$ cat target-v9.cif   # mmCIF, N, CA and C atoms
data_upload
loop_
_atom_site.group_PDB
_atom_site.id
_atom_site.type_symbol
_atom_site.label_atom_id
_atom_site.label_comp_id
_atom_site.auth_asym_id
_atom_site.auth_seq_id
_atom_site.Cartn_x
_atom_site.Cartn_y
_atom_site.Cartn_z
ATOM 1 N N MET X 58 -45.654 37.130 -115.530
ATOM 2 C CA MET X 58 -46.049 36.823 -114.157
ATOM 3 C C MET X 58 -45.745 35.354 -113.883
ATOM 4 N N MET X 59 -45.139 35.091 -112.742
ATOM 5 C CA MET X 59 -44.801 33.713 -112.384
ATOM 6 C C MET X 59 -45.998 33.052 -111.702
ATOM 7 N N SER X 60 -46.267 31.831 -112.079
ATOM 8 C CA SER X 60 -47.361 31.085 -111.457
ATOM 9 C C SER X 60 -46.924 30.624 -110.069
ATOM 10 N N PRO X 61 -47.886 30.343 -109.187
ATOM 11 C CA PRO X 61 -47.523 29.823 -107.857
ATOM 12 C C PRO X 61 -46.663 28.565 -107.926
ATOM 13 N N ALA X 62 -46.934 27.682 -108.881
ATOM 14 C CA ALA X 62 -46.137 26.458 -109.013
ATOM 15 C C ALA X 62 -44.702 26.776 -109.412
ATOM 16 N N LEU X 63 -44.536 27.735 -110.310
ATOM 17 C CA LEU X 63 -43.189 28.128 -110.739
ATOM 18 C C LEU X 63 -42.432 28.804 -109.605
ATOM 19 N N ILE X 64 -43.128 29.613 -108.815
ATOM 20 C CA ILE X 64 -42.499 30.262 -107.662
ATOM 21 C C ILE X 64 -42.021 29.209 -106.665
ATOM 22 N N GLU X 65 -42.864 28.223 -106.381
ATOM 23 C CA GLU X 65 -42.470 27.158 -105.458
ATOM 24 C C GLU X 65 -41.254 26.401 -105.982
ATOM 25 N N ALA X 66 -41.263 26.082 -107.261
ATOM 26 C CA ALA X 66 -40.145 25.353 -107.848
ATOM 27 C C ALA X 66 -38.863 26.174 -107.783
ATOM 28 N N TYR X 67 -38.972 27.476 -108.056
ATOM 29 C CA TYR X 67 -37.789 28.339 -108.026
ATOM 30 C C TYR X 67 -37.235 28.449 -106.614
ATOM 31 N N VAL X 68 -38.102 28.699 -105.647
ATOM 32 C CA VAL X 68 -37.658 28.824 -104.251
ATOM 33 C C VAL X 68 -37.009 27.527 -103.792
ATOM 34 N N ASP X 69 -37.606 26.393 -104.115
ATOM 35 C CA ASP X 69 -37.031 25.101 -103.730
ATOM 36 C C ASP X 69 -35.664 24.893 -104.375
ATOM 37 N N ALA X 70 -35.545 25.215 -105.659
ATOM 38 C CA ALA X 70 -34.281 25.026 -106.374
ATOM 39 C C ALA X 70 -33.205 25.978 -105.842
ATOM 40 N N ALA X 71 -33.577 27.223 -105.592
ATOM 41 C CA ALA X 71 -32.601 28.187 -105.079
ATOM 42 C C ALA X 71 -32.125 27.786 -103.692
ATOM 43 N N ALA X 72 -33.040 27.364 -102.830
ATOM 44 C CA ALA X 72 -32.657 26.930 -101.485
ATOM 45 C C ALA X 72 -31.731 25.723 -101.556
ATOM 46 N N ALA X 73 -32.030 24.785 -102.449
ATOM 47 C CA ALA X 73 -31.184 23.597 -102.590
ATOM 48 C C ALA X 73 -29.804 23.977 -103.135
ATOM 49 N N ALA X 74 -29.771 24.861 -104.124
ATOM 50 C CA ALA X 74 -28.497 25.266 -104.722
ATOM 51 C C ALA X 74 -27.608 25.989 -103.714
ATOM 52 N N LEU X 75 -28.228 26.737 -102.813
ATOM 53 C CA LEU X 75 -27.479 27.480 -101.793
ATOM 54 C C LEU X 75 -27.258 26.667 -100.524
ATOM 55 N N ASP X 76 -27.780 25.431 -100.510
ATOM 56 C CA ASP X 76 -27.738 24.591 -99.313
ATOM 57 C C ASP X 76 -28.321 25.362 -98.118
ATOM 58 N N LEU X 77 -29.440 26.011 -98.389
ATOM 59 C CA LEU X 77 -30.108 26.855 -97.409
ATOM 60 C C LEU X 77 -31.339 26.124 -96.878
ATOM 61 N N PRO X 78 -31.306 25.699 -95.615
ATOM 62 C CA PRO X 78 -32.490 25.021 -95.089
ATOM 63 C C PRO X 78 -33.660 25.996 -94.963
ATOM 64 N N LEU X 79 -34.821 25.544 -95.356
ATOM 65 C CA LEU X 79 -36.029 26.366 -95.281
ATOM 66 C C LEU X 79 -37.017 25.649 -94.377
ATOM 67 N N ALA X 80 -37.192 26.187 -93.178
ATOM 68 C CA ALA X 80 -38.079 25.559 -92.199
ATOM 69 C C ALA X 80 -39.513 25.565 -92.725
ATOM 70 N N PRO X 81 -40.256 24.497 -92.482
ATOM 71 C CA PRO X 81 -41.642 24.429 -92.977
ATOM 72 C C PRO X 81 -42.497 25.617 -92.534
ATOM 73 N N GLU X 82 -42.278 26.118 -91.329
ATOM 74 C CA GLU X 82 -43.090 27.253 -90.856
ATOM 75 C C GLU X 82 -42.696 28.573 -91.535
ATOM 76 N N HIS X 83 -41.511 28.622 -92.153
ATOM 77 C CA HIS X 83 -41.073 29.837 -92.855
ATOM 78 C C HIS X 83 -41.455 29.824 -94.330
ATOM 79 N N ARG X 84 -41.713 28.649 -94.870
ATOM 80 C CA ARG X 84 -41.974 28.494 -96.304
ATOM 81 C C ARG X 84 -43.114 29.381 -96.827
ATOM 82 N N PRO X 85 -44.273 29.443 -96.158
ATOM 83 C CA PRO X 85 -45.345 30.303 -96.688
ATOM 84 C C PRO X 85 -44.931 31.776 -96.802
ATOM 85 N N GLY X 86 -44.203 32.277 -95.821
ATOM 86 C CA GLY X 86 -43.753 33.670 -95.874
ATOM 87 C C GLY X 86 -42.730 33.901 -96.971
ATOM 88 N N VAL X 87 -41.817 32.957 -97.153
ATOM 89 C CA VAL X 87 -40.817 33.070 -98.214
ATOM 90 C C VAL X 87 -41.511 33.070 -99.575
ATOM 91 N N LEU X 88 -42.480 32.194 -99.750
ATOM 92 C CA LEU X 88 -43.209 32.139 -101.025
ATOM 93 C C LEU X 88 -43.991 33.429 -101.269
ATOM 94 N N ARG X 89 -44.627 33.978 -100.230
ATOM 95 C CA ARG X 89 -45.361 35.243 -100.388
ATOM 96 C C ARG X 89 -44.416 36.378 -100.772
ATOM 97 N N TYR X 90 -43.273 36.452 -100.093
ATOM 98 C CA TYR X 90 -42.322 37.520 -100.388
ATOM 99 C C TYR X 90 -41.772 37.383 -101.806
ATOM 100 N N PHE X 91 -41.428 36.148 -102.202
ATOM 101 C CA PHE X 91 -40.896 35.947 -103.544
ATOM 102 C C PHE X 91 -41.942 36.319 -104.592
ATOM 103 N N ALA X 92 -43.205 35.994 -104.351
ATOM 104 C CA ALA X 92 -44.270 36.373 -105.283
ATOM 105 C C ALA X 92 -44.373 37.890 -105.392
ATOM 106 N N LEU X 93 -44.255 38.590 -104.254
ATOM 107 C CA LEU X 93 -44.289 40.052 -104.265
ATOM 108 C C LEU X 93 -43.101 40.608 -105.049
ATOM 109 N N ALA X 94 -41.912 40.059 -104.806
ATOM 110 C CA ALA X 94 -40.723 40.509 -105.526
ATOM 111 C C ALA X 94 -40.863 40.249 -107.027
ATOM 112 N N ALA X 95 -41.442 39.119 -107.396
ATOM 113 C CA ALA X 95 -41.656 38.807 -108.810
ATOM 114 C C ALA X 95 -42.633 39.796 -109.448
ATOM 115 N N GLU X 96 -43.660 40.197 -108.712
ATOM 116 C CA GLU X 96 -44.605 41.200 -109.227
ATOM 117 C C GLU X 96 -43.911 42.534 -109.452
ATOM 118 N N MET X 97 -43.070 42.949 -108.500
ATOM 119 C CA MET X 97 -42.347 44.214 -108.652
ATOM 120 C C MET X 97 -41.387 44.141 -109.837
ATOM 121 N N ALA X 98 -40.712 43.009 -110.002
ATOM 122 C CA ALA X 98 -39.787 42.841 -111.121
ATOM 123 C C ALA X 98 -40.536 42.913 -112.455
ATOM 124 N N ALA X 99 -41.722 42.342 -112.505
ATOM 125 C CA ALA X 99 -42.514 42.386 -113.741
ATOM 126 C C ALA X 99 -42.896 43.824 -114.089
ATOM 127 N N LEU X 100 -43.204 44.634 -113.079
ATOM 128 C CA LEU X 100 -43.529 46.045 -113.334
ATOM 129 C C LEU X 100 -42.329 46.786 -113.912
ATOM 130 N N VAL X 101 -41.171 46.583 -113.315
ATOM 131 C CA VAL X 101 -39.964 47.253 -113.794
ATOM 132 C C VAL X 101 -39.602 46.748 -115.188
ATOM 133 N N HIS X 102 -39.709 45.451 -115.387
ATOM 134 C CA HIS X 102 -39.373 44.864 -116.684
ATOM 135 C C HIS X 102 -40.273 45.410 -117.791
ATOM 136 N N GLY X 103 -41.481 45.789 -117.443
ATOM 137 C CA GLY X 103 -42.427 46.279 -118.429
ATOM 138 C C GLY X 103 -42.229 47.727 -118.831
ATOM 139 N N LEU X 104 -41.315 48.442 -118.169
ATOM 140 C CA LEU X 104 -41.087 49.847 -118.509
ATOM 141 C C LEU X 104 -40.209 49.962 -119.747
ATOM 142 N N PRO X 105 -40.607 50.808 -120.672
ATOM 143 C CA PRO X 105 -39.782 50.955 -121.872
ATOM 144 C C PRO X 105 -38.509 51.757 -121.563
ATOM 145 N N LEU X 106 -37.404 51.349 -122.139
ATOM 146 C CA LEU X 106 -36.146 52.068 -122.010
ATOM 147 C C LEU X 106 -35.644 52.432 -123.394
ATOM 148 N N SER X 107 -34.965 53.553 -123.465
ATOM 149 C CA SER X 107 -34.357 53.948 -124.735
ATOM 150 C C SER X 107 -32.846 53.996 -124.552
ATOM 151 N N VAL X 108 -32.140 54.217 -125.639
ATOM 152 C CA VAL X 108 -30.682 54.291 -125.562
ATOM 153 C C VAL X 108 -30.226 55.507 -124.766
ATOM 154 N N HIS X 109 -31.142 56.453 -124.508
ATOM 155 C CA HIS X 109 -30.797 57.668 -123.778
ATOM 156 C C HIS X 109 -31.003 57.539 -122.270
ATOM 157 N N ASP X 110 -31.629 56.457 -121.827
ATOM 158 C CA ASP X 110 -31.851 56.250 -120.397
ATOM 159 C C ASP X 110 -30.542 55.857 -119.719
ATOM 160 N N GLU X 111 -30.313 56.440 -118.545
ATOM 161 C CA GLU X 111 -29.088 56.182 -117.785
ATOM 162 C C GLU X 111 -29.449 55.521 -116.458
ATOM 163 N N PRO X 112 -28.588 54.642 -115.958
ATOM 164 C CA PRO X 112 -28.833 54.069 -114.628
ATOM 165 C C PRO X 112 -28.562 55.129 -113.558
ATOM 166 N N ALA X 113 -29.136 54.925 -112.401
ATOM 167 C CA ALA X 113 -28.872 55.834 -111.289
ATOM 168 C C ALA X 113 -27.408 55.722 -110.901
ATOM 169 N N GLU X 114 -26.826 56.825 -110.450
ATOM 170 C CA GLU X 114 -25.414 56.798 -110.060
ATOM 171 C C GLU X 114 -25.219 55.900 -108.844
ATOM 172 N N ALA X 115 -25.980 56.173 -107.792
ATOM 173 C CA ALA X 115 -25.873 55.368 -106.567
ATOM 174 C C ALA X 115 -27.056 55.698 -105.674
ATOM 175 N N PHE X 116 -27.515 54.712 -104.949
ATOM 176 C CA PHE X 116 -28.553 54.928 -103.952
ATOM 177 C C PHE X 116 -27.875 54.961 -102.596
ATOM 178 N N VAL X 117 -28.034 56.058 -101.890
ATOM 179 C CA VAL X 117 -27.441 56.191 -100.561
ATOM 180 C C VAL X 117 -28.578 56.464 -99.587
ATOM 181 N N PRO X 118 -28.945 55.465 -98.797
ATOM 182 C CA PRO X 118 -30.046 55.673 -97.854
ATOM 183 C C PRO X 118 -29.621 56.604 -96.722
ATOM 184 N N ILE X 119 -30.590 57.349 -96.233
ATOM 185 C CA ILE X 119 -30.340 58.196 -95.071
ATOM 186 C C ILE X 119 -31.442 57.930 -94.040
ATOM 187 N N ALA X 120 -31.117 58.186 -92.801
ATOM 188 C CA ALA X 120 -32.077 57.987 -91.722
ATOM 189 C C ALA X 120 -33.139 59.085 -91.776
ATOM 190 N N PRO X 121 -34.384 58.791 -91.372
ATOM 191 C CA PRO X 121 -35.450 59.788 -91.402
ATOM 192 C C PRO X 121 -35.075 61.061 -90.644
ATOM 193 N N GLU X 122 -34.372 60.926 -89.524
ATOM 194 C CA GLU X 122 -34.006 62.126 -88.773
ATOM 195 C C GLU X 122 -33.010 62.986 -89.546
ATOM 196 N N ASP X 123 -32.180 62.384 -90.402
ATOM 197 C CA ASP X 123 -31.261 63.169 -91.240
ATOM 198 C C ASP X 123 -32.041 63.931 -92.306
ATOM 199 N N LEU X 124 -33.092 63.315 -92.823
ATOM 200 C CA LEU X 124 -33.929 63.955 -93.826
ATOM 201 C C LEU X 124 -34.607 65.187 -93.235
ATOM 202 N N GLU X 125 -35.120 65.045 -92.026
ATOM 203 C CA GLU X 125 -35.780 66.166 -91.351
ATOM 204 C C GLU X 125 -34.807 67.292 -91.056
ATOM 205 N N ALA X 126 -33.542 66.980 -90.811
ATOM 206 C CA ALA X 126 -32.536 67.983 -90.492
ATOM 207 C C ALA X 126 -31.986 68.649 -91.747
ATOM 208 N N GLY X 127 -32.416 68.150 -92.928
ATOM 209 C CA GLY X 127 -31.986 68.746 -94.178
ATOM 210 C C GLY X 127 -30.653 68.230 -94.671
ATOM 211 N N ALA X 128 -30.312 67.000 -94.285
ATOM 212 C CA ALA X 128 -29.012 66.440 -94.692
ATOM 213 C C ALA X 128 -28.966 66.140 -96.158
#

$ encode --input "target-v9.cif" --output "structure tokens"
Amino acid sequence: MMSPALIEAYVDAAAAALDLPLAPEHRPGVLRYFALAAEMAALVHGLPLSVHDEPAEAFVPIAPEDLEAGA
């Protein structure tokens, strides 16, 4: 799990490396989202994998109305 200080440092470093301006009013939301993404990554990272596990072939999103129509 990443600490709030580490998340702030990472977001600041990534924004600087990408030359991406981060407006002060957007910073709290970016930090919250990055913390959420880090939590999700930690969950996935914690799942055991074996040599028999295969990656998904491809994710192809469909619109909800296509799902209802049986596409």

$ atom_distance --input "target-v9.cif" --atom1 "atom C of Asp76 of chain X" --atom2 "atom C of Ile64 of chain X"
16.6 Å

$ closest_residue --input "target-v9.cif" --among "X:Ala98, X:Val87, X:Ala115, X:Ala80" --to "Val68 of chain X" --atoms "all atoms listed in the file"
X:Val87

$ residues_around --input "target-v9.cif" --residues "Tyr67 of chain X" --least-positions-apart "5" --cutoff "12 Å" --atoms "only C-alpha atoms" --output "NGL selection string"
:X and (59-62 or 72-74 or 87-88 or 91-92 or 95)

$ atom_distance --input "target-v9.cif" --atom1 "atom CA of His83 of chain X" --atom2 "atom CA of Glu65 of chain X"
13.0 Å

$ atom_distance --input "target-v9.cif" --atom1 "atom CA of Tyr90 of chain X" --atom2 "atom CA of Val117 of chain X"
23.9 Å

$ select_by_dssp --input "target-v9.cif" --residues "segment 76-109 of chain X" --states "alpha helix (DSSP H)" --output "ChimeraX atom specification"
/X:84-102

$ decode --input "target-v9.cif" --residues "segment 98-125 of chain X" --atoms "N, CA and C atoms" --output "JSON list (two decimals), in the first residue's frame"
[["chain", "number", "residue", "atom", "x", "y", "z"],
["X", 98, "ALA", "N", -4.55, -1.84, -7.74],
["X", 98, "ALA", "CA", -3.34, -2.53, -8.19],
["X", 98, "ALA", "C", -2.82, -3.47, -7.10],
["X", 99, "ALA", "N", -2.90, -3.04, -5.86],
["X", 99, "ALA", "CA", -2.44, -3.89, -4.75],
["X", 99, "ALA", "C", -3.29, -5.15, -4.64],
["X", 100, "LEU", "N", -4.60, -5.03, -4.89],
["X", 100, "LEU", "CA", -5.47, -6.21, -4.86],
["X", 100, "LEU", "C", -5.09, -7.19, -5.96],
["X", 101, "VAL", "N", -4.88, -6.69, -7.16],
["X", 101, "VAL", "CA", -4.52, -7.55, -8.27],
["X", 101, "VAL", "C", -3.14, -8.17, -8.04],
["X", 102, "HIS", "N", -2.22, -7.36, -7.55],
["X", 102, "HIS", "CA", -0.86, -7.85, -7.30],
["X", 102, "HIS", "C", -0.86, -8.96, -6.26],
["X", 103, "GLY", "N", -1.81, -8.95, -5.36],
["X", 103, "GLY", "CA", -1.87, -9.94, -4.30],
["X", 103, "GLY", "C", -2.46, -11.27, -4.71],
["X", 104, "LEU", "N", -2.98, -11.37, -5.94],
["X", 104, "LEU", "CA", -3.58, -12.63, -6.39],
["X", 104, "LEU", "C", -2.49, -13.61, -6.83],
["X", 105, "PRO", "N", -2.60, -14.84, -6.38],
["X", 105, "PRO", "CA", -1.58, -15.81, -6.79],
["X", 105, "PRO", "C", -1.79, -16.23, -8.25],
["X", 106, "LEU", "N", -0.71, -16.38, -8.98],
["X", 106, "LEU", "CA", -0.75, -16.87, -10.35],
["X", 106, "LEU", "C", 0.12, -18.11, -10.46],
["X", 107, "SER", "N", -0.28, -19.00, -11.33],
["X", 107, "SER", "CA", 0.53, -20.18, -11.58],
["X", 107, "SER", "C", 0.99, -20.16, -13.03],
["X", 108, "VAL", "N", 1.83, -21.10, -13.39],
["X", 108, "VAL", "CA", 2.32, -21.16, -14.77],
["X", 108, "VAL", "C", 1.20, -21.51, -15.74],
["X", 109, "HIS", "N", 0.06, -21.98, -15.22],
["X", 109, "HIS", "CA", -1.06, -22.37, -16.07],
["X", 109, "HIS", "C", -2.04, -21.23, -16.33],
["X", 110, "ASP", "N", -1.88, -20.11, -15.63],
["X", 110, "ASP", "CA", -2.77, -18.97, -15.83],
["X", 110, "ASP", "C", -2.43, -18.27, -17.14],
["X", 111, "GLU", "N", -3.48, -17.89, -17.87],
["X", 111, "GLU", "CA", -3.31, -17.24, -19.17],
["X", 111, "GLU", "C", -3.90, -15.83, -19.10],
["X", 112, "PRO", "N", -3.31, -14.89, -19.83],
["X", 112, "PRO", "CA", -3.90, -13.54, -19.88],
["X", 112, "PRO", "C", -5.17, -13.58, -20.74],
["X", 113, "ALA", "N", -6.02, -12.61, -20.53],
["X", 113, "ALA", "CA", -7.23, -12.51, -21.35],
["X", 113, "ALA", "C", -6.82, -12.23, -22.78],
["X", 114, "GLU", "N", -7.59, -12.74, -23.73],
["X", 114, "GLU", "CA", -7.26, -12.52, -25.14],
["X", 114, "GLU", "C", -7.39, -11.04, -25.49],
["X", 115, "ALA", "N", -8.56, -10.47, -25.19],
["X", 115, "ALA", "CA", -8.80, -9.05, -25.48],
["X", 115, "ALA", "C", -10.06, -8.62, -24.76],
["X", 116, "PHE", "N", -10.08, -7.39, -24.33],
["X", 116, "PHE", "CA", -11.29, -6.81, -23.75],
["X", 116, "PHE", "C", -11.92, -5.93, -24.81],
["X", 117, "VAL", "N", -13.15, -6.23, -25.17],
["X", 117, "VAL", "CA", -13.86, -5.44, -26.16],
["X", 117, "VAL", "C", -15.13, -4.91, -25.50],
["X", 118, "PRO", "N", -15.14, -3.63, -25.17],
["X", 118, "PRO", "CA", -16.33, -3.08, -24.51],
["X", 118, "PRO", "C", -17.50, -2.99, -25.49],
["X", 119, "ILE", "N", -18.69, -3.15, -24.95],
["X", 119, "ILE", "CA", -19.89, -2.97, -25.76],
["X", 119, "ILE", "C", -20.83, -2.02, -25.01],
["X", 120, "ALA", "N", -21.67, -1.37, -25.77],
["X", 120, "ALA", "CA", -22.63, -0.44, -25.18],
["X", 120, "ALA", "C", -23.73, -1.22, -24.47],
["X", 121, "PRO", "N", -24.30, -0.67, -23.38],
["X", 121, "PRO", "CA", -25.35, -1.37, -22.65],
["X", 121, "PRO", "C", -26.52, -1.78, -23.55],
["X", 122, "GLU", "N", -26.88, -0.94, -24.51],
["X", 122, "GLU", "CA", -27.99, -1.31, -25.39],
["X", 122, "GLU", "C", -27.64, -2.51, -26.26],
["X", 123, "ASP", "N", -26.36, -2.70, -26.60],
["X", 123, "ASP", "CA", -25.96, -3.88, -27.37],
["X", 123, "ASP", "C", -26.07, -5.14, -26.51],
["X", 124, "LEU", "N", -25.76, -5.00, -25.23],
["X", 124, "LEU", "CA", -25.85, -6.12, -24.30],
["X", 124, "LEU", "C", -27.30, -6.57, -24.18],
["X", 125, "GLU", "N", -28.20, -5.61, -24.06],
["X", 125, "GLU", "CA", -29.63, -5.93, -23.94],
["X", 125, "GLU", "C", -30.16, -6.58, -25.21]]
